[in-house]
Structures are given as C-alpha cells and as structure tokens.
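Undergrad: Handing you a structure now.
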Amino acid sequence: MNFRNTSTIAAIMLLSFAFDIEPLNGFYDGAENNPPNVVFILADDLGWRDLSNEGSSFYESPHIDRIANEGMKFTRGYATCQVCSPSRASLMTGKYPARLNITDWIGAAEGAQWKRNTKLLPATYNHELPAEDETLAEAFQAAGYRTFFAGKWHLGGEGSLPTDHGFEFNIGGHHRGSPPGGYFSPYSNPEMESGPKGELLPLRLGQETVKFIEQHKNEPFFAYLSFYSVHGPIQTTEKLWKKYRDKATQLGDAPESRFLIDRTTPVRQVQDNPLYAGMVESMDDAVGMVLATLDRLDLADNTIVVFTSDNGGVSAGDGKATSNLPLRGGKGRQWEGGIREPFYIKWPGSTTTGQQCDTPVIGTDLYPTLLELAGLPLRPDQHLDGLSLVPLLEGQTLPARPLFWHYPHYGNQGGEPSSIITRGKWKLIHYLEDQRYELYDIDADISETNNVLDQHPEIQESLARELKSWIAEMDARQPSVNPNFDLKKQQKEMINIRDKQKPSLERQHSQFLKPSFKPPQGWWEETGK
C-alpha cells in the first residue's frame, strides 16, 4: 500500500480503526462515530439526458435514479472537459485540466503528429497523472480507508496505474480508454481476468465492486466504480436490443431524419438507438447490484454515494448513439451537451430526499466535498480548483464564482479548439482558430441557439478579461498554426459530410430498428439477463 504523504494524525486514525479506539474529534461524524464509506460511480460518455430521471422517455435507469431521488441532484453539474482523460484527472486531483496540462484524451495525436486537415495543430499535453499530486484515493488511503478501483482508468499506463495513485485494488484499470475486447468476455484486458464467454462487462464490474464491499464491510472503504459504459463500441445483448427496438417502435413513427449537421459534423437528434439503450440498462443494473449490497449489509445509512459522468453523450462521435437535446452538441464539443452531466450526491445524515440544486458545480468540487463529508481535513493546496459542496447539501449557498474550460484540440467529434467561461447565466466561448466569441444566456437559451454577443458587449468584455486572466494563471498550453492546412480540401470535406457521411449514418441507424438487424460477429451473446 502506498501511504505517500501520510500524516501523524492519519496514522492515529489508522490505529483507531484497527483497535476500535474512539477517533479524534472532528474527523468524521456518523452513527457510533463510524467513518462513512464512499462509493464513487463514474459513467463514461453518459449524456445529461440519458437517464429517465433527467427526462429520457426511452432509456431506463431506475437504480441510478434512486441515487438522485435519495440525495441531491445538481441540475447544472459539469465535467471539467468535453472528453474523458482530462475530466477524470480533475476528479482524482481537484484541479482543472489546464493546470495539469492533461487537456485531451490520452493517446490523441498532438502537435506535429496531427495529420488531419485543420487550421491549427493541437496543443501538446501530459500523458499520465502527475505522481506529485495526491489523489482523492490517496487522501482516503492516508486516513485508513481500504481503496478499490474497477473499470476504466485512462490516466496512464505502467507506472501510472490506479495502484500507483492510491488504490489498493485495481480491477480492469489500464491505459486504454475503451474496452479492448468489447463488452463481452473474453475482454483482452491486461488488468482483469476474463469471465465465462458472453459475460457482460458492466455486470462484471458491478460484481467485483460487490465482492470488495462484502470483504471489507467492517472497515471504512473508498470504492471507485468507473464504468467503460457507455463508451463505444456500442454493443448489447440480443434480448436488450429486442426490448428497446420494440419500445422505439411503440413510441411512434421513425423520424425522417435522425441527424443534423451542426457546423462541422452530423449530430444525433433522436433517442431511439436500441443498442445504446441496452448499454444504459446494463450499467444501471450494475449500479443496482451495488446499492442492493449496501442495503443488505446495513451499510447504506453510512455510505456516501456519488454518480456522475466524464463528458457529454456521444451524439457526434464514437457511434453517434444518443441525443442530448435540448442541449446543443455532445461529447467533444464546446456547448452544454459536451460538458453538462448527471451529477448526484447521496450522503449519510440527509434529512430530505429528492433535493435539486441549480447552483453550477463542477468535477473538481467532488474532492473537497467528499473529504468534508467524511470528516477528513481539506487539502486546499491540492484541490486548488474545487469548492466543497457541503454548504449546498445543507441547504445553504456558495459564493458566486466563474467556471472554466480549456480545450486546445479538435477531438473526434467535431469539436473546435476553444476556451470557455460561465458566470451565473452567462456563457462565453472563445474560439482559438480565429479568436471569435459566442455569448449565450443559458437560463433563457439552454440550447445555445441565440448568440447575444452584439446585445451585451459589456458582458463579453468582462468575461473575456476574466477568461484571459485565468488562461494566464493556468499557463495553459495553446495550439499552433498548421502550415499544411488546405482550405479547398476542407471545403471538399464538408461537402462529403453533407452528401455522403450524413446519408450513410441515416441508413445505418435506421437499420438498428429493423427486425432483420444482425450485428457483427460476436455481439449476440446470451448473458442470462
């Protein structure tokens, strides 16, 4: 076990846990002074509207909904980036991606490696979580918690795996961002043994988490269940495909068009993909396993449960599987669909259920929030960019503050290099290709269709100064000019998107709902569901 930066006080806490000594006052509160457990559940690529409690009439998520219904739902909860590795790094460290210089998914081409025909070359970035940062897992480990990780890591390989950053146990976390063998066993995962042929990955990760909880039910634990779901490849069982194909048919006639070209790429406008819906249900079933285990072991009343996602839904990339409407865009893109997430906290001692909070919050806030909920000392020199949300959980307020994003990349979903600031209802996007701005009133225009820049020049100027100052404070890396950019070639590419790619997508996605649909070899595996 790695007890890097363990303090004397933490050592005393370890002894108190081991010998049932009453802990130091002020470190945690709860039944009989038991430190609360933590179950942190992170989805991959799950959009804000991909859950039934968030308004989807197609997907079904009763177990994840339960977390929102028994805790607090933050209606303006954000990931710190529109793609995965940066936002995951923020959750682990309490720092913005720009401060960490992890601003793209790890493995993406950068600088001169970039071969696409774009105006800029993406900025370079760090390819692993910094060893000098004390992660959220290390903070809990130092306080005597047993720490467990299952699922997607994507924050570095050998030397920067979960076990190098505070997790005692690691099931499946490695350098890859998508499941190397797909969602059915055998998984081809170097950090997890395959199960019986046809075993479904999210259910396996749920079972591994259950096993950890059962084995450590008498010790304080920090369990981090990080699903690969619902990242591509978009795969589900035949049984679930049929369930949601039938449901889509019952909901009404198929739309004439499922895709809209929004600036640079086709974006899905309809939730009726039965393969993706099956993935949502399987992940929800795995969450249900974990919640049922907490109930069965009488741990639910002393366990903090967090649920969120790492970036917006896959409306424009990785299978173009969902729609985030009324939010514009999705994963990889600079609008709300790319960064707004389901964001729920259920905690011991809550006196009301089903609370909602419209204060904007962000992934960096979860590090200090969990420390404070557990009665552990905050680490302000570490979680520099987060605020504890405990005042909001207690019905109070937080000081007004801006939130920031910096994505000097293009990604695989049509996103444009940009920096963003939100303050209250205002959102300013600064595009790095040509230095233009867009200004939106998010309260009045959640779909970001009305750029009000000309009506509010004073707001634009104020937010632009604040954003520029933040970029300088972060010493944020910037893209560079691409000397090989060809404007005529770009124009031909856009014609191809309109005339070939979009019609092809329409045909492909309509096939998913045909009774004769057969996926590629190996998808249809019976899992007993």
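Ligands are numbered from 1 in the order shown, chains are lettered A, B, ... in the order of the structure tokens, and residues start at 1 in each chain.
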Please list as a ChimeraX atom specification every residue within 7 Å of Gly166 (chain A), counting only C-alpha atoms and excluding residues in the same chain fewer than 5 positions away.
TA: /A:2,135,137-138,141
Undergrad: Go ahead and write the residues just picked, N, CA, C and O atoms, as a CSV table (one decimal), in the first residue's frame.
TA:
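New file out_0.csv:
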chain,number,residue,atom,x,y,z
A,2,ASN,N,0.5,2.2,-0.7
A,2,ASN,CA,1.2,3.5,-0.9
A,2,ASN,C,0.6,4.5,0.1
A,2,ASN,O,-0.5,5.0,-0.1
A,135,THR,N,-3.8,12.1,-4.9
A,135,THR,CA,-5.1,11.9,-5.5
A,135,THR,C,-6.2,11.8,-4.4
A,135,THR,O,-5.9,11.6,-3.2
A,137,ALA,N,-8.0,9.2,-4.0
A,137,ALA,CA,-7.8,7.9,-3.4
A,137,ALA,C,-6.7,7.9,-2.3
A,137,ALA,O,-6.8,7.3,-1.2
A,138,GLU,N,-5.6,8.6,-2.6
A,138,GLU,CA,-4.5,8.7,-1.6
A,138,GLU,C,-4.9,9.4,-0.3
A,138,GLU,O,-4.5,9.1,0.8
A,141,GLN,N,-6.9,6.8,1.5
A,141,GLN,CA,-6.0,5.8,1.9
A,141,GLN,C,-5.1,6.2,3.2
A,141,GLN,O,-4.9,5.5,4.1
Undergrad: Which residues in region 255-487 of chain A does DSSP call helix (DSSP H, G or I)? List them as a ChimeraX atom specification.
TA: /A:274-296,300-302,336-339,363-373,390-393,457-474,487
Undergrad: How would the residues just chosen look if you wrote them out with C-alpha atoms as a PDB file, in the first residue's frame?
TA:
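Output below, filename again32.pdb:
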ATOM      1  CA  PRO A 274     -31.776   0.175 -29.091  1.00  0.00           C
ATOM      2  CA  LEU A 275     -28.143  -0.912 -28.768  1.00  0.00           C
ATOM      3  CA  TYR A 276     -27.246   2.149 -26.725  1.00  0.00           C
ATOM      4  CA  ALA A 277     -30.403   1.859 -24.619  1.00  0.00           C
ATOM      5  CA  GLY A 278     -29.387  -1.699 -23.735  1.00  0.00           C
ATOM      6  CA  MET A 279     -25.996  -0.408 -22.605  1.00  0.00           C
ATOM      7  CA  VAL A 280     -27.645   2.152 -20.331  1.00  0.00           C
ATOM      8  CA  GLU A 281     -29.818  -0.557 -18.764  1.00  0.00           C
ATOM      9  CA  SER A 282     -26.884  -2.933 -18.180  1.00  0.00           C
ATOM     10  CA  MET A 283     -24.892  -0.221 -16.457  1.00  0.00           C
ATOM     11  CA  ASP A 284     -27.934   0.670 -14.367  1.00  0.00           C
ATOM     12  CA  ASP A 285     -28.324  -2.982 -13.371  1.00  0.00           C
ATOM     13  CA  ALA A 286     -24.708  -3.000 -12.170  1.00  0.00           C
ATOM     14  CA  VAL A 287     -25.379   0.117 -10.085  1.00  0.00           C
ATOM     15  CA  GLY A 288     -28.408  -1.684  -8.677  1.00  0.00           C
ATOM     16  CA  MET A 289     -26.190  -4.586  -7.561  1.00  0.00           C
ATOM     17  CA  VAL A 290     -24.006  -2.217  -5.574  1.00  0.00           C
ATOM     18  CA  LEU A 291     -26.907  -0.337  -3.961  1.00  0.00           C
ATOM     19  CA  ALA A 292     -28.627  -3.610  -3.045  1.00  0.00           C
ATOM     20  CA  THR A 293     -25.412  -4.820  -1.415  1.00  0.00           C
ATOM     21  CA  LEU A 294     -25.178  -1.688   0.718  1.00  0.00           C
ATOM     22  CA  ASP A 295     -28.779  -2.277   1.794  1.00  0.00           C
ATOM     23  CA  ARG A 296     -28.257  -5.978   2.516  1.00  0.00           C
ATOM     24  CA  ALA A 300     -26.477   2.283   3.127  1.00  0.00           C
ATOM     25  CA  ASP A 301     -27.058   4.674   6.021  1.00  0.00           C
ATOM     26  CA  ASN A 302     -23.322   5.162   6.468  1.00  0.00           C
ATOM     27  CA  GLU A 336     -23.648  22.349 -22.971  1.00  0.00           C
ATOM     28  CA  GLY A 337     -24.198  18.913 -24.490  1.00  0.00           C
ATOM     29  CA  GLY A 338     -20.465  18.295 -24.262  1.00  0.00           C
ATOM     30  CA  ILE A 339     -19.916  19.251 -20.627  1.00  0.00           C
ATOM     31  CA  GLY A 363     -15.987  17.831 -11.153  1.00  0.00           C
ATOM     32  CA  THR A 364     -13.154  19.460  -9.198  1.00  0.00           C
ATOM     33  CA  ASP A 365     -15.632  20.110  -6.374  1.00  0.00           C
ATOM     34  CA  LEU A 366     -16.049  16.441  -5.537  1.00  0.00           C
ATOM     35  CA  TYR A 367     -12.576  16.029  -3.997  1.00  0.00           C
ATOM     36  CA  PRO A 368     -13.095  18.570  -1.163  1.00  0.00           C
ATOM     37  CA  THR A 369     -16.768  17.641  -0.850  1.00  0.00           C
ATOM     38  CA  LEU A 370     -16.014  14.002  -0.111  1.00  0.00           C
ATOM     39  CA  LEU A 371     -13.273  14.885   2.347  1.00  0.00           C
ATOM     40  CA  GLU A 372     -15.587  17.170   4.280  1.00  0.00           C
ATOM     41  CA  LEU A 373     -18.488  14.705   4.228  1.00  0.00           C
ATOM     42  CA  VAL A 390     -21.371  20.603   1.734  1.00  0.00           C
ATOM     43  CA  PRO A 391     -22.994  24.038   2.258  1.00  0.00           C
ATOM     44  CA  LEU A 392     -25.296  23.308  -0.694  1.00  0.00           C
ATOM     45  CA  LEU A 393     -26.080  19.853   0.686  1.00  0.00           C
ATOM     46  CA  PRO A 457     -20.797  43.862 -25.406  1.00  0.00           C
ATOM     47  CA  GLU A 458     -20.074  44.838 -21.805  1.00  0.00           C
ATOM     48  CA  ILE A 459     -20.743  41.254 -20.618  1.00  0.00           C
ATOM     49  CA  GLN A 460     -18.498  39.864 -23.354  1.00  0.00           C
ATOM     50  CA  GLU A 461     -15.678  42.240 -22.473  1.00  0.00           C
ATOM     51  CA  SER A 462     -15.856  41.485 -18.758  1.00  0.00           C
ATOM     52  CA  LEU A 463     -15.962  37.704 -19.218  1.00  0.00           C
ATOM     53  CA  ALA A 464     -13.225  37.799 -21.868  1.00  0.00           C
ATOM     54  CA  ARG A 465     -10.886  39.655 -19.464  1.00  0.00           C
ATOM     55  CA  GLU A 466     -11.622  37.131 -16.732  1.00  0.00           C
ATOM     56  CA  LEU A 467     -11.058  34.195 -19.088  1.00  0.00           C
ATOM     57  CA  LYS A 468      -7.790  35.644 -20.366  1.00  0.00           C
ATOM     58  CA  SER A 469      -6.561  36.146 -16.810  1.00  0.00           C
ATOM     59  CA  TRP A 470      -7.430  32.540 -15.927  1.00  0.00           C
ATOM     60  CA  ILE A 471      -5.636  31.201 -19.017  1.00  0.00           C
ATOM     61  CA  ALA A 472      -2.525  33.120 -17.939  1.00  0.00           C
ATOM     62  CA  GLU A 473      -2.804  31.850 -14.358  1.00  0.00           C
ATOM     63  CA  MET A 474      -3.022  28.254 -15.609  1.00  0.00           C
ATOM     64  CA  LEU A 487      -8.878  25.485 -47.330  1.00  0.00           C
TER      65      LEU A 487
END
Undergrad: Can you pull out every residue within 8 Å of Asn101 (chain A), counting only C-alpha atoms, but drop anything in the same chain fewer than 5 positions away, and send it as a ChimeraX atom specification?
TA: /A:125-126,476-477
Undergrad: Considering only C-alpha atoms, return as a list in words whatever protein or nucleic-acid residues lie within 7 Å of Arg423 (chain A), sequence-local ones (same chain, fewer than 2 positions apart) excluded.
TA: Arg401, Pro402, Leu403, Ile421, Lys425, Trp426 and Lys427 of chain A
Undergrad: Among region 171-405 of chain A, which ones does DSSP place in strand (DSSP E), written as an MDAnalysis selection string?
TA: chainID A and resid 171 221:226 259:262 265:268 303:309 340:341 343:346 355:357 361:362 403:405
Undergrad: Contacts of region 222-226 of chain A at 8 Å or less, counting only C-alpha atoms, minus same-chain residues fewer than 6 places along, as a VMD selection string?
TA: chain A and resid 37 to 44 137 140 145 to 153 205 to 206 209 213
Undergrad: Quick one: residues within 8 Å of Gln271 (chain A), only C-alpha atoms counted, chain neighbours fewer than 3 positions away excluded, as a ChimeraX atom specification?
TA: /A:58,321-323
Undergrad: What does the structure give for the distance between CA of Pro520 (chain A) and CA of Pro233 (chain A), in Å to one decimal?
TA: 11.3 Å
Undergrad: Compare A:Tyr183, A:His174, A:Asp272, A:Pro399 by their minimum atom-to-atom distance to Gly252 (chain A), counting only C-alpha atoms, and give me the closest one.
TA: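 Smallest distance to Gly252 (chain A) is found for A:Asp272.
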Undergrad: I'd like the neighbourhood of region 346-352 of chain A as a short mmCIF file (atom, residue, chain, number, x, y, z; two decimals) with N, CA and C atoms, in the first residue's frame, where a residue qualifies if any of its atoms comes within 7 Å (using only C-alpha atoms), though same-chain residues fewer than 3 positions away should be ignored.
TA:
data_model
loop_
_atom_site.label_atom_id
_atom_site.label_comp_id
_atom_site.auth_asym_id
_atom_site.auth_seq_id
_atom_site.Cartn_x
_atom_site.Cartn_y
_atom_site.Cartn_z
N ILE A 67 -30.33 7.12 -6.73
CA ILE A 67 -29.30 7.95 -6.10
C ILE A 67 -29.74 9.41 -6.11
N GLU A 70 -32.72 9.95 -3.66
CA GLU A 70 -32.43 9.85 -2.23
C GLU A 70 -31.35 10.83 -1.78
N GLY A 71 -30.88 11.63 -2.69
CA GLY A 71 -29.84 12.60 -2.36
C GLY A 71 -30.14 13.95 -2.99
N MET A 72 -29.09 14.57 -3.53
CA MET A 72 -29.25 15.86 -4.20
C MET A 72 -28.84 15.72 -5.66
N ASP A 301 -26.90 3.47 5.21
CA ASP A 301 -27.06 4.67 6.02
C ASP A 301 -25.73 5.27 6.47
N ASN A 302 -24.63 4.61 6.13
CA ASN A 302 -23.32 5.16 6.47
C ASN A 302 -22.40 5.17 5.25
N THR A 303 -22.99 5.35 4.07
CA THR A 303 -22.19 5.35 2.84
C THR A 303 -22.58 6.54 1.98
N ILE A 304 -21.58 7.31 1.59
CA ILE A 304 -21.75 8.39 0.62
C ILE A 304 -21.72 7.77 -0.77
N VAL A 305 -22.69 8.13 -1.61
CA VAL A 305 -22.72 7.63 -2.99
C VAL A 305 -22.73 8.82 -3.94
N VAL A 306 -21.80 8.81 -4.88
CA VAL A 306 -21.71 9.85 -5.90
C VAL A 306 -21.93 9.21 -7.26
N GLN A 355 -33.77 16.25 -3.36
CA GLN A 355 -33.46 17.66 -3.45
C GLN A 355 -32.84 17.99 -4.80
#
Undergrad: For CA of Gln82 (chain A) and CA of Gln396 (chain A), quote the distance in Å rounded to one decimal.
TA: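 If I compute the distance from CA of Gln82 (chain A) to CA of Gln396 (chain A), I get 29.3 Å.
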Undergrad: Go through A:Arg379, A:His509, A:Arg333, A:Arg263 and flag the residue nearest His406 (chain A), using only C-alpha atoms for the distances.
TA: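 Checking each of A:Arg379, A:His509, A:Arg333, A:Arg263 against His406 (chain A), counting only C-alpha atoms, the winner is A:Arg333.
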Undergrad: When you count only C-alpha atoms, which of these residues is closest to Ile106 (chain A): A:Pro36, A:Gly414, A:Gly144, A:Gly177?
TA: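 Between A:Pro36, A:Gly414, A:Gly144, A:Gly177, the residue approaching Ile106 (chain A) most closely is A:Gly177.
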Undergrad: Do you have the CA of Lys239 (chain A)-CA of Gly330 (chain A) distance handy?
TA: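 Distance between the two atoms: 28.0 Å.
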Undergrad: Using only C-alpha atoms, which of the listed residues (A:Leu453, A:Ala79, A:Leu387, A:Leu260) sits closest to Ile429 (chain A)?
TA: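 Of all the options, A:Leu453 lies closest to Ile429 (chain A).
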